Amino acid sequence: MNQKTPLIGGKKSLITRRSALKTLSAASALALSPGYVRYAQAQTSEPLRLGFQLHSTGIGAGYGRWYDRTTQAAAKLINEAGGIAGRQIEIITEDDGTDPKRGAEVVEKFASQHKVDFVFGTLFSHVVIGSAPRAGELKMPYFVVSEGYHVASGMLNRYVFQPGITDVRSQVSSMAPWIAGNLGKKVTMIFPDYAFGHDHRDFFSAAIEKQGGSIAALLAIPPTETSYTKYFPQIPADTEVIYHVMVGPGVLTFVKEMGEHFGSKRPQIFGFIDSLEAVDLASPGLEFLDGTYFWEANPRYAGPDQTPEDKFFREKVGVDQNGASVDDPKDISTYSHMFGCWETLYTIKQAVEASGYKSAADKGALIEAVEAMTAFPAGNEHPQGDKTFNGKRHQCYGHQYISKVEGQKLSVVHKTSIEDGLYENDTDYTKQPL
Amino acid sequence: MDLGPHLLLALLEGCVAAFVLAVTALGLSLVFGVMRIVNVAHGEFFMLGAVIAWWITSLVPDAPFWGFMLALVGAPLAVGAIAVAADALVLRRLNYQPEATIVATIGLLYILQQLVLSIYGPDARPVVAPIQFRIVFPWFGYSGYKLVAVGAASLLLLAAWYGVTRTKFGLIMRATQFDRETAQAFGVPVKRVYAAVFALGAMLAAVAGVLVVPLQQAHYLMGLDPLLLSFIVVIIGGLDSLKGTLIAAFVIGISDGIISVFFSPTLAKIIATLAVALVLVFMPNGLFGGKAR
């Protein structure tokens, strides 16, 4: 090469041989560096990044602790078995403080800062409803484990799914025939005064009336309430069944005060285990619950009918036969909800593998792959049991249990069929644009 | 339920609320009256009382009664010590300026709340009541411990009244409240009085927290409600009148109980807040407050 000839153009060229060489060498150094090569040639071997929106603090903290343990256990299993489509998964956790405003911020942070592939794991309905619109705007697939009816109702958007846990409308619809047949037909409902409680109010009222029953009174309790005695006089004397579903730090007080108020002259009592998730049934003041009934999605106490997959699930998450942590018998799990995280992760795995998802550009294909699902068979990937999935509603439907409190333990007395919980609505998310 | 039993239940509930509130608000009122400090962290001292009570009772799981007695003494002492430290490390360094201390106590609120969240965790944990029995009325049952808590709170209020009006420390305190500089000129150790009053205010909140914890559960966010109600009571009663604070606590507590039972708890809060607004507009010094000097 003639050293006096400029590489490009004439004498006045800005690009000299020296600077051209510098640029070339810098570029080749970059291309040869290990990180760049991996990124340029094999993007799909990067780990799949899953944003885990967790209630570590705030009123959902008891649930959050177990959602975390279940998620970590499932992620470990998936990674040990080779990951999802050959990619390891990485769980990136952010606390939303069980606060809807922070929930939306967390979704934003997952998308812009952590650059995750999907977000999952949200439980409390007000947080889901606060976060889901932002997930839709960011076109971020958002898998909630909330049991609220907000997904199937059609009020959210095409990016929100609930494939791991049955919604409240289905749960309560499947309870009504048994309650009307075994406990009584005049029901007083006590529920928290926000979306989750309103789902119970609306759909249980409708379901019990369909069974020929009636609602004697509806008691809506503000979510920050700490004392409940003042509500009990509103329970009409001719009530045959009290139906309660409470959440948050006040639940133990609620049950205790109900016991003090009624003593042994109580009507029949049916509760959703949400009232006592993460709470020891042997806690002082809960003796009153003996002989009352609870809905459970997944029986906390392993009974004679325990399935092999339930045994597997308990062992991997670290839950003993009484539904408590194997490390601390006082640390009670949220057994009727947390399986949803596990099953959701396996649904994500199935969807990624079916759609050939590689990067954010394939999100549309992933959404369509989830919508195409119709059923999940029972097994280690779906330890709560078999489920159907409605792709138009983005919602799954499974079996439910009714358990009786006996000697401060729960034992299953009834298992519903999936058909018991089916209902009609015209939600169709697949018509929304991607 | 008929009107009679309904009213009885409302009065019982109102009484429990009123006595606990009176003890908590008295602490806030003392601190403001003597030190002219609006202690926004007051509710956190209430919460600390409950949380420390849980910790102490969990150390003696086999004897709930003695565990609770220990907590009734130990928790306020521990909270008092924390308050003395806060006074020495923060408030004294700000020369007790009213504006600066408001901001500082807001900071203290978050520090205490987040410390409890990191050490104690986010769970609501129960404490067994020291005495458990159920009072059976013909129409409904009622927690016996609630009445025990009312009795204990009224003893505390009596003791506080005696301390303020009949003891030498009470005299010194009132002198400092009346005129800080003159009191200092007469040899009153104002700084020590301030530290003691701040600790005393915190301890009253803590005792209320201990009394309440068997009824609720210890939780790191439980201080917010008592703080709000204490402010309502202190503003209605008059910012430096102990008598006004007590009367307002009973009016607010019992009306809260009755309105909550007959109508709704939300309406009770609306009315209490409205009362604060009206008092501030028409009687800015509260119902029993003296003229601003």
# chains A, B, ... in the order shown; residues from 1 in each chain; ligands from 1
call {"tool": "closest_atom_pairs", "arguments": {"of": "chain A", "to": "chain B", "cutoff": "6 Å", "atoms": "only C-alpha atoms", "output": "Markdown table"}}
result
| residue | atom | partner | partner_atom | distance |
| --- | --- | --- | --- | --- |
| A:Thr57 | CA | B:Pro122 | CA | 5.6 |
| A:Ala61 | CA | B:Pro122 | CA | 5.9 |
| A:Lys230 | CA | B:Val261 | CA | 4.8 |
| A:Pro249 | CA | B:Ala124 | CA | 5.2 |
| A:Thr253 | CA | B:Gln216 | CA | 5.7 |
| A:Glu260 | CA | B:Gly141 | CA | 5.4 |
| A:His261 | CA | B:Gly141 | CA | 4.4 |
call {"tool": "write_last_selection", "arguments": {"atoms": "C-alpha atoms", "output": "mmCIF file, in the first residue's frame"}}
result
data_model
loop_
_atom_site.group_PDB
_atom_site.id
_atom_site.type_symbol
_atom_site.label_atom_id
_atom_site.label_comp_id
_atom_site.auth_asym_id
_atom_site.auth_seq_id
_atom_site.Cartn_x
_atom_site.Cartn_y
_atom_site.Cartn_z
ATOM 1 C CA THR A 57 -44.442 -6.265 52.046
ATOM 2 C CA ALA A 61 -46.828 -10.275 52.615
ATOM 3 C CA LYS A 230 -69.253 -3.705 65.432
ATOM 4 C CA PRO A 249 -53.506 -8.682 58.747
ATOM 5 C CA THR A 253 -59.036 -10.884 64.871
ATOM 6 C CA GLU A 260 -66.654 -14.267 71.031
ATOM 7 C CA HIS A 261 -69.835 -12.846 69.567
#
call {"tool": "residues_around", "arguments": {"residues": "Pro383 of chain A", "least_positions_apart": "2", "cutoff": "8 Å", "atoms": "only C-alpha atoms", "output": "NGL selection string"}}
result
:A and (309-310 or 313 or 339 or 343 or 378-381 or 385)
call {"tool": "residues_around", "arguments": {"residues": "Gly97 of chain A", "least_positions_apart": "6", "cutoff": "7 Å", "atoms": "only C-alpha atoms", "output": "PyMOL selection string"}}
result
chain A and resi 55-58
call {"tool": "write_last_selection", "arguments": {"atoms": "N, CA and C atoms", "output": "mmCIF file, in the first residue's frame"}}
result
data_model
loop_
_atom_site.group_PDB
_atom_site.id
_atom_site.type_symbol
_atom_site.label_atom_id
_atom_site.label_comp_id
_atom_site.auth_asym_id
_atom_site.auth_seq_id
_atom_site.Cartn_x
_atom_site.Cartn_y
_atom_site.Cartn_z
ATOM 1 N N HIS A 55 -45.571 -9.642 46.315
ATOM 2 C CA HIS A 55 -46.025 -8.881 47.493
ATOM 3 C C HIS A 55 -45.111 -9.231 48.669
ATOM 4 N N SER A 56 -43.896 -8.676 48.693
ATOM 5 C CA SER A 56 -43.002 -8.981 49.829
ATOM 6 C C SER A 56 -43.445 -8.255 51.078
ATOM 7 N N THR A 57 -44.019 -7.069 50.900
ATOM 8 C CA THR A 57 -44.442 -6.265 52.046
ATOM 9 C C THR A 57 -45.888 -5.839 51.826
ATOM 10 N N GLY A 58 -46.432 -5.105 52.803
ATOM 11 C CA GLY A 58 -47.830 -4.682 52.704
ATOM 12 C C GLY A 58 -48.753 -5.804 53.143
#
call {"tool": "residues_around", "arguments": {"residues": "Leu229 of chain B", "least_positions_apart": "4", "cutoff": "8 Å", "atoms": "only C-alpha atoms", "output": "ChimeraX atom specification"}}
result
/B:21,25,225,233
call {"tool": "residues_around", "arguments": {"residues": "Gly197 of chain A", "least_positions_apart": "4", "cutoff": "12 Å", "atoms": "only C-alpha atoms", "output": "MDAnalysis selection string"}}
result
chainID A and resid 124:126 147:150 168:169 172 189:193 201:205 218:223 243:247 272 274:275
call {"tool": "write_last_selection", "arguments": {"atoms": "C-alpha atoms", "output": "mmCIF file, in the first residue's frame"}}
result
data_model
loop_
_atom_site.group_PDB
_atom_site.id
_atom_site.type_symbol
_atom_site.label_atom_id
_atom_site.label_comp_id
_atom_site.auth_asym_id
_atom_site.auth_seq_id
_atom_site.Cartn_x
_atom_site.Cartn_y
_atom_site.Cartn_z
ATOM 1 C CA PHE A 124 -54.042 -9.096 45.063
ATOM 2 C CA SER A 125 -56.794 -8.010 42.721
ATOM 3 C CA HIS A 126 -56.389 -4.275 43.256
ATOM 4 C CA GLU A 147 -57.953 -15.848 41.369
ATOM 5 C CA GLY A 148 -59.940 -12.617 40.790
ATOM 6 C CA TYR A 149 -62.559 -12.579 38.064
ATOM 7 C CA HIS A 150 -61.002 -9.507 36.420
ATOM 8 C CA VAL A 168 -63.478 -16.491 41.955
ATOM 9 C CA ARG A 169 -66.635 -16.612 39.881
ATOM 10 C CA VAL A 172 -68.036 -19.610 44.272
ATOM 11 C CA MET A 189 -72.016 -12.669 53.409
ATOM 12 C CA ILE A 190 -69.032 -10.903 55.004
ATOM 13 C CA PHE A 191 -66.433 -9.792 52.470
ATOM 14 C CA PRO A 192 -63.729 -7.142 51.941
ATOM 15 C CA ASP A 193 -64.965 -3.985 50.263
ATOM 16 C CA ARG A 201 -70.716 -10.780 46.583
ATOM 17 C CA ASP A 202 -71.974 -10.690 42.995
ATOM 18 C CA PHE A 203 -71.338 -14.250 41.921
ATOM 19 C CA PHE A 204 -72.137 -16.086 45.115
ATOM 20 C CA SER A 205 -75.408 -14.141 45.489
ATOM 21 C CA LEU A 218 -74.293 -8.271 52.785
ATOM 22 C CA LEU A 219 -71.540 -6.922 55.050
ATOM 23 C CA ALA A 220 -68.763 -5.096 53.201
ATOM 24 C CA ILE A 221 -65.701 -4.523 55.407
ATOM 25 C CA PRO A 222 -63.189 -1.769 54.534
ATOM 26 C CA PRO A 223 -59.795 -3.349 53.732
ATOM 27 C CA TYR A 243 -70.257 -16.934 54.401
ATOM 28 C CA HIS A 244 -66.968 -15.180 55.143
ATOM 29 C CA VAL A 245 -63.963 -14.298 53.085
ATOM 30 C CA MET A 246 -61.440 -11.889 54.585
ATOM 31 C CA VAL A 247 -57.826 -11.104 53.771
ATOM 32 C CA PHE A 272 -63.036 -19.138 52.044
ATOM 33 C CA ASP A 274 -58.342 -16.879 52.189
ATOM 34 C CA SER A 275 -59.538 -15.837 55.656
#
call {"tool": "atom_distance", "arguments": {"atom1": "atom CA of Gly62 of chain A", "atom2": "atom CA of Lys109 of chain A"}}
result
23.8 Å
call {"tool": "atom_distance", "arguments": {"atom1": "atom CA of Gln384 of chain A", "atom2": "atom CA of Ala365 of chain A"}}
result
27.7 Å
call {"tool": "select_by_dssp", "arguments": {"residues": "segment 59-169 of chain B", "states": "strand (DSSP E or B)", "output": "list in words"}}
result
Arg125, Arg134, Ile135, Val136, Gly141, Tyr142 and Ser143 of chain B
call {"tool": "write_last_selection", "arguments": {"atoms": "N, CA and C atoms", "output": "JSON list (two decimals), in the first residue's frame"}}
result
[["chain", "number", "residue", "atom", "x", "y", "z"],
["B", 125, "ARG", "N", -48.73, -10.70, 63.82],
["B", 125, "ARG", "CA", -48.56, -11.83, 64.74],
["B", 125, "ARG", "C", -49.43, -11.65, 65.98],
["B", 134, "ARG", "N", -65.21, -15.12, 78.31],
["B", 134, "ARG", "CA", -66.21, -14.55, 77.43],
["B", 134, "ARG", "C", -67.40, -14.17, 78.28],
["B", 135, "ILE", "N", -67.82, -12.89, 78.16],
["B", 135, "ILE", "CA", -69.00, -12.46, 78.90],
["B", 135, "ILE", "C", -70.21, -12.76, 78.04],
["B", 136, "VAL", "N", -71.16, -13.52, 78.61],
["B", 136, "VAL", "CA", -72.31, -13.92, 77.80],
["B", 136, "VAL", "C", -73.52, -13.10, 78.19],
["B", 141, "GLY", "N", -72.25, -12.55, 72.83],
["B", 141, "GLY", "CA", -71.12, -12.71, 73.73],
["B", 141, "GLY", "C", -70.14, -11.58, 73.51],
["B", 142, "TYR", "N", -69.28, -11.33, 74.52],
["B", 142, "TYR", "CA", -68.33, -10.24, 74.38],
["B", 142, "TYR", "C", -67.01, -10.64, 75.01],
["B", 143, "SER", "N", -65.93, -10.18, 74.39],
["B", 143, "SER", "CA", -64.60, -10.52, 74.88],
["B", 143, "SER", "C", -64.36, -9.92, 76.26]]
call {"tool": "decode", "arguments": {"residues": "segment 64-118 of chain A", "atoms": "C-alpha atoms", "output": "CSV table (one decimal), in the first residue's frame"}}
result
chain,number,residue,atom,x,y,z
A,64,GLY,CA,-45.9,-13.2,49.0
A,65,ARG,CA,-43.5,-15.3,51.2
A,66,TRP,CA,-45.0,-18.5,49.9
A,67,TYR,CA,-45.4,-17.3,46.3
A,68,ASP,CA,-41.7,-16.7,46.4
A,69,ARG,CA,-40.8,-20.1,47.8
A,70,THR,CA,-43.0,-21.9,45.3
A,71,THR,CA,-41.7,-19.9,42.3
A,72,GLN,CA,-38.1,-20.5,43.3
A,73,ALA,CA,-38.7,-24.2,43.7
A,74,ALA,CA,-40.4,-24.5,40.3
A,75,ALA,CA,-37.7,-22.4,38.6
A,76,LYS,CA,-35.0,-24.6,40.1
A,77,LEU,CA,-36.7,-27.7,38.8
A,78,ILE,CA,-37.2,-26.3,35.3
A,79,ASN,CA,-33.5,-25.2,35.2
A,80,GLU,CA,-32.3,-28.6,36.4
A,81,ALA,CA,-34.4,-30.2,33.7
A,82,GLY,CA,-32.7,-28.1,31.0
A,83,GLY,CA,-34.6,-24.9,31.2
A,84,ILE,CA,-37.2,-23.6,28.7
A,85,ALA,CA,-36.5,-24.4,25.1
A,86,GLY,CA,-32.9,-25.0,26.1
A,87,ARG,CA,-32.6,-21.6,27.9
A,88,GLN,CA,-32.1,-21.3,31.6
A,89,ILE,CA,-34.7,-19.1,33.4
A,90,GLU,CA,-33.7,-16.2,35.6
A,91,ILE,CA,-36.3,-15.0,38.1
A,92,ILE,CA,-36.0,-11.2,38.7
A,93,THR,CA,-38.0,-10.2,41.8
A,94,GLU,CA,-39.5,-6.8,42.5
A,95,ASP,CA,-41.6,-6.0,45.6
A,96,ASP,CA,-44.8,-4.0,44.9
A,97,GLY,CA,-45.7,-3.5,48.5
A,98,THR,CA,-49.2,-4.9,47.7
A,99,ASP,CA,-49.9,-1.4,46.4
A,100,PRO,CA,-51.6,-0.8,43.0
A,101,LYS,CA,-49.6,2.3,42.2
A,102,ARG,CA,-46.3,0.6,42.9
A,103,GLY,CA,-47.6,-2.4,40.9
A,104,ALA,CA,-47.8,-0.4,37.7
A,105,GLU,CA,-44.3,1.1,38.5
A,106,VAL,CA,-42.9,-2.4,39.0
A,107,VAL,CA,-44.3,-3.5,35.6
A,108,GLU,CA,-42.7,-0.4,34.0
A,109,LYS,CA,-39.4,-1.2,35.7
A,110,PHE,CA,-39.4,-4.8,34.5
A,111,ALA,CA,-40.0,-3.6,30.9
A,112,SER,CA,-37.6,-0.7,30.7
A,113,GLN,CA,-34.8,-1.5,33.2
A,114,HIS,CA,-34.7,-5.2,33.7
A,115,LYS,CA,-35.8,-5.9,30.1
A,116,VAL,CA,-37.6,-9.1,31.1
A,117,ASP,CA,-39.4,-11.4,28.6
A,118,PHE,CA,-42.6,-11.7,30.7
